[in-house]
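Structure file input_0.pdb with PDB, C-alpha atoms, pLDDT in the B column:
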ATOM      1  CA  ARG A   1       0.000   0.000   0.000  1.00 41.00           C
ATOM      2  CA  ILE A   2       2.773   2.455   0.781  1.00 44.00           C
ATOM      3  CA  LEU A   3       4.290   1.988  -2.666  1.00 48.00           C
ATOM      4  CA  GLU A   4       0.918   2.532  -4.360  1.00 48.00           C
ATOM      5  CA  ASN A   5       0.681   6.063  -2.914  1.00 54.00           C
ATOM      6  CA  SER A   6       4.310   7.035  -3.495  1.00 66.00           C
ATOM      7  CA  LEU A   7       5.839   9.030  -6.316  1.00 66.00           C
ATOM      8  CA  PRO A   8       6.916   7.304  -9.537  1.00 79.00           C
ATOM      9  CA  LEU A   9      10.627   6.455  -9.494  1.00 80.00           C
ATOM     10  CA  PRO A  10      11.734   9.255 -11.888  1.00 83.00           C
ATOM     11  CA  GLU A  11       9.948  11.895  -9.784  1.00 83.00           C
ATOM     12  CA  LEU A  12      11.320  10.370  -6.594  1.00 83.00           C
ATOM     13  CA  LEU A  13      14.888  10.477  -7.962  1.00 89.00           C
ATOM     14  CA  GLN A  14      14.373  14.047  -9.172  1.00 88.00           C
ATOM     15  CA  ALA A  15      13.153  15.132  -5.723  1.00 87.00           C
ATOM     16  CA  LEU A  16      16.080  13.328  -4.081  1.00 91.00           C
ATOM     17  CA  GLY A  17      18.651  14.897  -6.431  1.00 93.00           C
ATOM     18  CA  THR A  18      17.129  18.360  -6.135  1.00 91.00           C
ATOM     19  CA  GLY A  19      17.084  17.994  -2.358  1.00 92.00           C
ATOM     20  CA  ILE A  20      20.751  16.995  -2.253  1.00 95.00           C
ATOM     21  CA  ILE A  21      21.752  19.993  -4.392  1.00 94.00           C
ATOM     22  CA  LEU A  22      19.718  22.325  -2.196  1.00 91.00           C
ATOM     23  CA  GLY A  23      21.256  20.769   0.922  1.00 93.00           C
ATOM     24  CA  PHE A  24      24.695  21.548  -0.498  1.00 94.00           C
ATOM     25  CA  SER A  25      23.549  25.114  -1.263  1.00 90.00           C
ATOM     26  CA  ILE A  26      23.025  25.833   2.420  1.00 91.00           C
ATOM     27  CA  ALA A  27      25.894  23.746   3.827  1.00 93.00           C
ATOM     28  CA  ALA A  28      28.797  24.391   1.459  1.00 92.00           C
ATOM     29  CA  PRO A  29      29.192  28.193   1.239  1.00 89.00           C
ATOM     30  CA  PRO A  30      32.063  29.646   3.266  1.00 88.00           C
ATOM     31  CA  GLY A  31      30.916  31.035   6.563  1.00 89.00           C
ATOM     32  CA  PRO A  32      31.086  30.663  10.317  1.00 91.00           C
ATOM     33  CA  ILE A  33      29.940  27.037  10.392  1.00 93.00           C
ATOM     34  CA  ASN A  34      32.536  25.773   7.926  1.00 94.00           C
ATOM     35  CA  ALA A  35      35.239  27.933   9.548  1.00 93.00           C
ATOM     36  CA  THR A  36      34.371  26.478  12.958  1.00 94.00           C
ATOM     37  CA  ILE A  37      34.334  22.939  11.564  1.00 95.00           C
ATOM     38  CA  ALA A  38      37.796  23.555  10.093  1.00 95.00           C
ATOM     39  CA  THR A  39      39.081  24.948  13.390  1.00 94.00           C
ATOM     40  CA  GLN A  40      37.724  22.002  15.374  1.00 94.00           C
ATOM     41  CA  VAL A  41      39.188  19.448  12.955  1.00 95.00           C
ATOM     42  CA  ALA A  42      42.569  21.204  12.928  1.00 94.00           C
ATOM     43  CA  THR A  43      42.814  21.731  16.690  1.00 93.00           C
ATOM     44  CA  ARG A  44      40.870  18.792  18.096  1.00 93.00           C
ATOM     45  CA  SER A  45      39.575  15.958  15.909  1.00 94.00           C
ATOM     46  CA  TRP A  46      37.430  14.855  13.006  1.00 95.00           C
ATOM     47  CA  PHE A  47      34.663  14.023  15.473  1.00 96.00           C
ATOM     48  CA  ALA A  48      34.668  17.522  17.006  1.00 95.00           C
ATOM     49  CA  GLY A  49      34.281  19.035  13.533  1.00 96.00           C
ATOM     50  CA  PHE A  50      31.529  16.559  12.717  1.00 97.00           C
ATOM     51  CA  LEU A  51      29.670  17.534  15.900  1.00 96.00           C
ATOM     52  CA  VAL A  52      29.774  21.217  14.886  1.00 96.00           C
ATOM     53  CA  GLY A  53      28.214  20.233  11.550  1.00 96.00           C
ATOM     54  CA  LEU A  54      25.627  18.110  13.331  1.00 96.00           C
ATOM     55  CA  GLY A  55      24.700  21.088  15.505  1.00 95.00           C
ATOM     56  CA  ALA A  56      24.245  23.246  12.396  1.00 95.00           C
ATOM     57  CA  LEU A  57      22.113  20.492  10.834  1.00 96.00           C
ATOM     58  CA  THR A  58      19.929  20.531  13.953  1.00 95.00           C
ATOM     59  CA  ALA A  59      19.487  24.288  13.462  1.00 93.00           C
ATOM     60  CA  ASP A  60      18.339  23.570   9.898  1.00 94.00           C
ATOM     61  CA  VAL A  61      15.815  21.031  11.184  1.00 93.00           C
ATOM     62  CA  THR A  62      14.507  23.747  13.522  1.00 91.00           C
ATOM     63  CA  PHE A  63      14.277  26.272  10.685  1.00 89.00           C
ATOM     64  CA  PHE A  64      12.609  23.656   8.478  1.00 90.00           C
ATOM     65  CA  LEU A  65       9.900  23.100  11.076  1.00 87.00           C
ATOM     66  CA  ILE A  66       9.341  26.838  11.544  1.00 84.00           C
ATOM     67  CA  THR A  67       9.266  27.420   7.803  1.00 83.00           C
ATOM     68  CA  PHE A  68       7.054  24.475   6.900  1.00 82.00           C
ATOM     69  CA  TYR A  69       4.551  24.776   9.700  1.00 80.00           C
ATOM     70  CA  GLY A  70       4.536  28.556  10.011  1.00 76.00           C
ATOM     71  CA  LEU A  71       5.871  30.686   7.215  1.00 63.00           C
ATOM     72  CA  THR A  72       4.659  28.727   4.178  1.00 58.00           C
ATOM     73  CA  ARG A  73       1.102  28.744   5.422  1.00 59.00           C
ATOM     74  CA  ALA A  74       1.213  32.430   6.378  1.00 56.00           C
ATOM     75  CA  ILE A  75       2.808  34.174   3.411  1.00 56.00           C
ATOM     76  CA  VAL A  76       3.099  31.993   0.295  1.00 54.00           C
ATOM     77  CA  GLY A  77       0.836  33.089  -2.518  1.00 57.00           C
ATOM     78  CA  ASN A  78       0.249  36.702  -1.490  1.00 58.00           C
ATOM     79  CA  GLU A  79       1.938  40.088  -1.934  1.00 62.00           C
ATOM     80  CA  ILE A  80       3.860  39.759   1.336  1.00 58.00           C
ATOM     81  CA  GLY A  81       5.435  36.520   0.146  1.00 57.00           C
ATOM     82  CA  THR A  82       6.447  38.033  -3.193  1.00 59.00           C
ATOM     83  CA  ALA A  83       8.012  41.069  -1.504  1.00 62.00           C
ATOM     84  CA  LEU A  84       9.779  38.841   1.041  1.00 56.00           C
ATOM     85  CA  PHE A  85      11.255  36.677  -1.734  1.00 58.00           C
ATOM     86  CA  ALA A  86      12.546  39.783  -3.567  1.00 63.00           C
ATOM     87  CA  VAL A  87      14.017  41.489  -0.495  1.00 60.00           C
ATOM     88  CA  GLY A  88      15.446  38.205   0.774  1.00 56.00           C
ATOM     89  CA  GLY A  89      17.083  37.543  -2.588  1.00 60.00           C
ATOM     90  CA  LEU A  90      18.776  40.949  -2.464  1.00 62.00           C
ATOM     91  CA  ILE A  91      19.956  40.286   1.090  1.00 58.00           C
ATOM     92  CA  MET A  92      21.372  36.909   0.028  1.00 58.00           C
ATOM     93  CA  LEU A  93      23.274  38.573  -2.841  1.00 61.00           C
ATOM     94  CA  PHE A  94      24.659  41.197  -0.454  1.00 61.00           C
ATOM     95  CA  MET A  95      25.736  38.508   2.010  1.00 54.00           C
ATOM     96  CA  ALA A  96      27.429  36.521  -0.780  1.00 58.00           C
ATOM     97  CA  PHE A  97      29.312  39.644  -1.883  1.00 63.00           C
ATOM     98  CA  SER A  98      30.324  40.433   1.713  1.00 59.00           C
ATOM     99  CA  THR A  99      31.514  36.867   2.299  1.00 54.00           C
ATOM    100  CA  PHE A 100      33.576  36.992  -0.884  1.00 59.00           C
ATOM    101  CA  ARG A 101      35.179  40.281   0.181  1.00 62.00           C
ATOM    102  CA  GLN A 102      35.994  38.950   3.660  1.00 57.00           C
ATOM    103  CA  ALA A 103      37.456  35.745   2.242  1.00 55.00           C
ATOM    104  CA  ARG A 104      39.734  37.781  -0.044  1.00 58.00           C
ATOM    105  CA  SER A 105      40.986  39.815   2.909  1.00 57.00           C
ATOM    106  CA  LYS A 106      41.433  36.617   4.953  1.00 50.00           C
ATOM    107  CA  ALA A 107      39.619  38.281   7.857  1.00 44.00           C
ATOM    108  CA  GLY A 108      36.581  36.078   7.440  1.00 42.00           C
ATOM    109  CA  MET A 109      38.420  32.845   8.111  1.00 44.00           C
ATOM    110  CA  LYS A 110      39.742  33.733  11.573  1.00 46.00           C
ATOM    111  CA  THR A 111      37.875  32.165  14.429  1.00 47.00           C
ATOM    112  CA  GLY A 112      38.918  31.545  17.974  1.00 48.00           C
ATOM    113  CA  ARG A 113      35.867  29.587  19.021  1.00 46.00           C
ATOM    114  CA  GLN A 114      36.825  26.663  21.165  1.00 50.00           C
ATOM    115  CA  THR A 115      34.456  24.750  23.377  1.00 54.00           C
ATOM    116  CA  ARG A 116      34.191  21.450  25.119  1.00 70.00           C
ATOM    117  CA  PHE A 117      30.803  20.979  23.439  1.00 87.00           C
ATOM    118  CA  PRO A 118      31.272  21.376  19.671  1.00 92.00           C
ATOM    119  CA  TYR A 119      27.676  20.293  18.971  1.00 93.00           C
ATOM    120  CA  LEU A 120      26.360  23.247  21.005  1.00 91.00           C
ATOM    121  CA  ILE A 121      28.630  25.745  19.255  1.00 91.00           C
ATOM    122  CA  GLY A 122      27.411  24.419  15.879  1.00 91.00           C
ATOM    123  CA  LEU A 123      23.804  24.673  17.026  1.00 90.00           C
ATOM    124  CA  SER A 124      24.216  28.191  18.412  1.00 90.00           C
ATOM    125  CA  ILE A 125      26.024  29.445  15.302  1.00 90.00           C
ATOM    126  CA  GLY A 126      23.414  27.776  13.091  1.00 90.00           C
ATOM    127  CA  LEU A 127      20.506  29.337  14.953  1.00 89.00           C
ATOM    128  CA  THR A 128      22.039  32.832  14.815  1.00 88.00           C
ATOM    129  CA  ASN A 129      23.756  32.723  11.413  1.00 88.00           C
ATOM    130  CA  PRO A 130      22.232  35.415   9.138  1.00 85.00           C
ATOM    131  CA  PHE A 131      23.003  33.298   6.062  1.00 85.00           C
ATOM    132  CA  GLN A 132      21.048  30.321   7.399  1.00 88.00           C
ATOM    133  CA  ILE A 133      18.132  32.465   8.528  1.00 86.00           C
ATOM    134  CA  GLY A 134      18.102  34.314   5.208  1.00 84.00           C
ATOM    135  CA  TRP A 135      18.309  31.068   3.251  1.00 87.00           C
ATOM    136  CA  TRP A 136      15.280  29.644   5.052  1.00 88.00           C
ATOM    137  CA  VAL A 137      13.195  32.813   4.684  1.00 80.00           C
ATOM    138  CA  THR A 138      13.963  33.032   0.951  1.00 81.00           C
ATOM    139  CA  VAL A 139      15.138  29.855  -0.765  1.00 84.00           C
ATOM    140  CA  GLY A 140      13.798  27.455   1.863  1.00 84.00           C
ATOM    141  CA  LEU A 141      10.370  29.031   1.809  1.00 81.00           C
ATOM    142  CA  GLY A 142      10.210  28.841  -1.977  1.00 81.00           C
ATOM    143  CA  VAL A 143      11.469  25.259  -2.041  1.00 83.00           C
ATOM    144  CA  LEU A 144       8.929  24.087   0.511  1.00 82.00           C
ATOM    145  CA  ALA A 145       6.135  25.941  -1.272  1.00 79.00           C
ATOM    146  CA  THR A 146       7.140  24.247  -4.540  1.00 81.00           C
ATOM    147  CA  PHE A 147       8.129  20.731  -3.467  1.00 83.00           C
ATOM    148  CA  GLY A 148       6.584  20.249  -0.035  1.00 80.00           C
ATOM    149  CA  LEU A 149       7.877  17.302   1.934  1.00 86.00           C
ATOM    150  CA  ARG A 150       9.082  15.409  -1.171  1.00 87.00           C
ATOM    151  CA  ILE A 151      12.377  17.274  -0.920  1.00 89.00           C
ATOM    152  CA  LEU A 152      13.015  16.509   2.741  1.00 90.00           C
ATOM    153  CA  VAL A 153      15.118  13.333   2.566  1.00 92.00           C
ATOM    154  CA  GLY A 154      17.367  14.596  -0.214  1.00 94.00           C
ATOM    155  CA  PHE A 155      17.809  17.976   1.447  1.00 94.00           C
ATOM    156  CA  PHE A 156      19.041  16.640   4.772  1.00 95.00           C
ATOM    157  CA  ALA A 157      21.057  13.955   2.970  1.00 96.00           C
ATOM    158  CA  GLY A 158      22.823  16.759   1.069  1.00 96.00           C
ATOM    159  CA  ILE A 159      23.695  18.597   4.275  1.00 96.00           C
ATOM    160  CA  SER A 160      24.879  15.350   5.890  1.00 96.00           C
ATOM    161  CA  LEU A 161      26.989  14.444   2.857  1.00 97.00           C
ATOM    162  CA  TRP A 162      28.619  17.881   2.922  1.00 97.00           C
ATOM    163  CA  VAL A 163      29.436  17.656   6.631  1.00 97.00           C
ATOM    164  CA  LEU A 164      30.914  14.162   6.228  1.00 97.00           C
ATOM    165  CA  ALA A 165      32.910  15.013   3.101  1.00 97.00           C
ATOM    166  CA  TYR A 166      34.150  18.347   4.443  1.00 97.00           C
ATOM    167  CA  THR A 167      35.255  17.066   7.854  1.00 97.00           C
ATOM    168  CA  THR A 168      36.846  13.971   6.317  1.00 96.00           C
ATOM    169  CA  SER A 169      38.779  15.954   3.698  1.00 96.00           C
ATOM    170  CA  LEU A 170      39.956  18.429   6.350  1.00 95.00           C
ATOM    171  CA  ALA A 171      41.061  15.607   8.667  1.00 95.00           C
ATOM    172  CA  TRP A 172      42.921  13.976   5.792  1.00 95.00           C
ATOM    173  CA  ALA A 173      44.631  17.284   4.906  1.00 94.00           C
ATOM    174  CA  VAL A 174      45.606  17.931   8.525  1.00 91.00           C
ATOM    175  CA  SER A 175      47.105  14.442   8.849  1.00 89.00           C
ATOM    176  CA  LYS A 176      49.386  14.941   5.826  1.00 83.00           C
TER     177      LYS A 176
END
Write-out of the structure in structure tokens:
Amino acid sequence: RILENSLPLPELLQALGTGIILGFSIAAPPGPINATIATQVATRSWFAGFLVGLGALTADVTFFLITFYGLTRAIVGNEIGTALFAVGGLIMLFMAFSTFRQARSKAGMKTGRQTRFPYLIGLSIGLTNPFQIGWWVTVGLGVLATFGLRILVGFFAGISLWVLAYTTSLAWAVSK
């Protein structure tokens, strides 16, 4: 019965692939999460870096719930939603430009955050990171309005794949 009500395989694979790409779009850009992961891997261990990423993923789960159960029902399909998408898109472009400028000056990669609880630092950065909040209010809102829950598995798989690949490649680089 479950298979009778599910999506056809091509649509399921498309939703999975789209979700993975969108998961990478929030997890991969340079920013405080990836800088903190790098610091934890370089100064502590692969596992500490992974826990930072897991904390950030938990923040994304929180934002997903807020977006899906609150924002999509409140603003999608009206003038407020259209204006929010436009303003949010401009903010995201500004943040991308600012991140690029900081990365060129090397000031954006410095972080002294060290904690005994890397998961909590990842969670706290994720919950307060303007990029993550902006992504959910703009891209995330549009994605959920378009795809609904079909995108969910691929999206969080994409974030998880990024965290695993990034921490593993950093740990490998540090060990060489």
Could you list the residues chosen by the PyMOL selection byres ((chain A and resi 159) around 10) in this structure as a list of chain:residue names? A:Gly19, A:Ile20, A:Ile21, A:Leu22, A:Gly23, A:Phe24, A:Ser25, A:Ile26, A:Ala27, A:Ala28, A:Gly53, A:Leu54, A:Ala56, A:Leu57, A:Asp60, A:Gly154, A:Phe155, A:Phe156, A:Ala157, A:Gly158, A:Ser160, A:Leu161, A:Trp162, A:Val163, A:Leu164, A:Ala165
Report, in Å to a single decimal, how far apart CA of Val52 in chain A and CA of Val153 in chain A are. 20.7 Å
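For the pair CA of Leu13 in chain A and CA of Thr138 in chain A, the separation is 24.3 Å.
Coordinates place CA of Ile121 in chain A at a distance of 19.9 Å from CA of Trp136 in chain A.
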Write out as a list in words which residues come within 9 Å of Phe63 in chain A when counting only C-alpha atoms, dropping same-chain ones fewer than 3 positions away. Thr58, Ala59, Asp60, Ile66, Thr67, Phe68, Leu127, Gln132, Ile133, Trp136, Val137 and Gly140 of chain A
When you count only C-alpha atoms, which of these residues is closest to Trp172 in chain A: A:Leu123, A:Ala38, A:Thr62, A:Gly55?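 The shortest atom-to-atom distance to Trp172 in chain A comes from A:Ala38.
Selection by the PyMOL selection byres ((chain A and resi 50) around 9) on the present file picks out A:Ile37, A:Gln40, A:Val41, A:Ser45, A:Trp46, A:Phe47, A:Ala48, A:Gly49, A:Leu51, A:Val52, A:Gly53, A:Leu54, A:Gly55, A:Pro118, A:Tyr119, A:Val163, A:Leu164, A:Tyr166, A:Thr167, A:Thr168.
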Return the single residue from A:Leu149, A:Val143, A:Ile125, A:Ala42 that is closest to Ala173 in chain A, with distances computed using only C-alpha atoms. A:Ala42
Starting from the PyMOL selection byres ((chain A and resi 32) around 8), expand the selection into actual residues of this file and give them as number ranges by chain. A: 30-31, 33-36, 109, 125, 129
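Nearest-residue note for Leu16 in chain A: choosing from A:Leu65, A:Ile151, A:Ala145, A:Leu120, the minimum distance belongs to A:Ile151, counting all atoms listed in the file.
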Could I see range 35-46 of chain A restored to N, CA, C and O atoms, set down as a PDB file, keeping the file's coordinate frame?
ATOM      1  N   ALA A  35      34.010  27.479   8.901  1.00 93.00           N
ATOM      2  CA  ALA A  35      35.239  27.933   9.548  1.00 93.00           C
ATOM      3  C   ALA A  35      35.401  27.256  10.913  1.00 93.00           C
ATOM      4  O   ALA A  35      36.505  26.837  11.284  1.00 93.00           O
ATOM      5  N   THR A  36      34.306  27.125  11.645  1.00 94.00           N
ATOM      6  CA  THR A  36      34.371  26.478  12.958  1.00 94.00           C
ATOM      7  C   THR A  36      34.640  24.982  12.824  1.00 94.00           C
ATOM      8  O   THR A  36      35.403  24.414  13.611  1.00 94.00           O
ATOM      9  N   ILE A  37      34.037  24.353  11.823  1.00 95.00           N
ATOM     10  CA  ILE A  37      34.334  22.939  11.564  1.00 95.00           C
ATOM     11  C   ILE A  37      35.827  22.778  11.296  1.00 95.00           C
ATOM     12  O   ILE A  37      36.483  21.900  11.857  1.00 95.00           O
ATOM     13  N   ALA A  38      36.370  23.639  10.436  1.00 95.00           N
ATOM     14  CA  ALA A  38      37.796  23.555  10.093  1.00 95.00           C
ATOM     15  C   ALA A  38      38.669  23.743  11.330  1.00 95.00           C
ATOM     16  O   ALA A  38      39.649  23.013  11.524  1.00 95.00           O
ATOM     17  N   THR A  39      38.313  24.704  12.170  1.00 94.00           N
ATOM     18  CA  THR A  39      39.081  24.948  13.390  1.00 94.00           C
ATOM     19  C   THR A  39      39.036  23.739  14.313  1.00 94.00           C
ATOM     20  O   THR A  39      40.066  23.325  14.869  1.00 94.00           O
ATOM     21  N   GLN A  40      37.860  23.165  14.485  1.00 94.00           N
ATOM     22  CA  GLN A  40      37.724  22.002  15.374  1.00 94.00           C
ATOM     23  C   GLN A  40      38.498  20.799  14.841  1.00 94.00           C
ATOM     24  O   GLN A  40      39.136  20.080  15.612  1.00 94.00           O
ATOM     25  N   VAL A  41      38.444  20.574  13.530  1.00 95.00           N
ATOM     26  CA  VAL A  41      39.188  19.448  12.955  1.00 95.00           C
ATOM     27  C   VAL A  41      40.684  19.678  13.115  1.00 95.00           C
ATOM     28  O   VAL A  41      41.426  18.766  13.482  1.00 95.00           O
ATOM     29  N   ALA A  42      41.134  20.909  12.863  1.00 94.00           N
ATOM     30  CA  ALA A  42      42.569  21.204  12.928  1.00 94.00           C
ATOM     31  C   ALA A  42      43.113  21.182  14.357  1.00 94.00           C
ATOM     32  O   ALA A  42      44.253  20.785  14.576  1.00 94.00           O
ATOM     33  N   THR A  43      42.302  21.616  15.319  1.00 93.00           N
ATOM     34  CA  THR A  43      42.814  21.731  16.690  1.00 93.00           C
ATOM     35  C   THR A  43      42.399  20.578  17.597  1.00 93.00           C
ATOM     36  O   THR A  43      43.024  20.370  18.629  1.00 93.00           O
ATOM     37  N   ARG A  44      41.358  19.863  17.217  1.00 93.00           N
ATOM     38  CA  ARG A  44      40.870  18.792  18.096  1.00 93.00           C
ATOM     39  C   ARG A  44      40.815  17.463  17.361  1.00 93.00           C
ATOM     40  O   ARG A  44      41.685  16.638  17.521  1.00 93.00           O
ATOM     41  N   SER A  45      39.731  17.255  16.578  1.00 94.00           N
ATOM     42  CA  SER A  45      39.575  15.958  15.909  1.00 94.00           C
ATOM     43  C   SER A  45      38.499  16.042  14.830  1.00 94.00           C
ATOM     44  O   SER A  45      37.721  16.990  14.780  1.00 94.00           O
ATOM     45  N   TRP A  46      38.477  14.979  14.013  1.00 95.00           N
ATOM     46  CA  TRP A  46      37.430  14.855  13.006  1.00 95.00           C
ATOM     47  C   TRP A  46      36.062  14.872  13.688  1.00 95.00           C
ATOM     48  O   TRP A  46      35.138  15.533  13.225  1.00 95.00           O
TER      49      TRP A  46
END
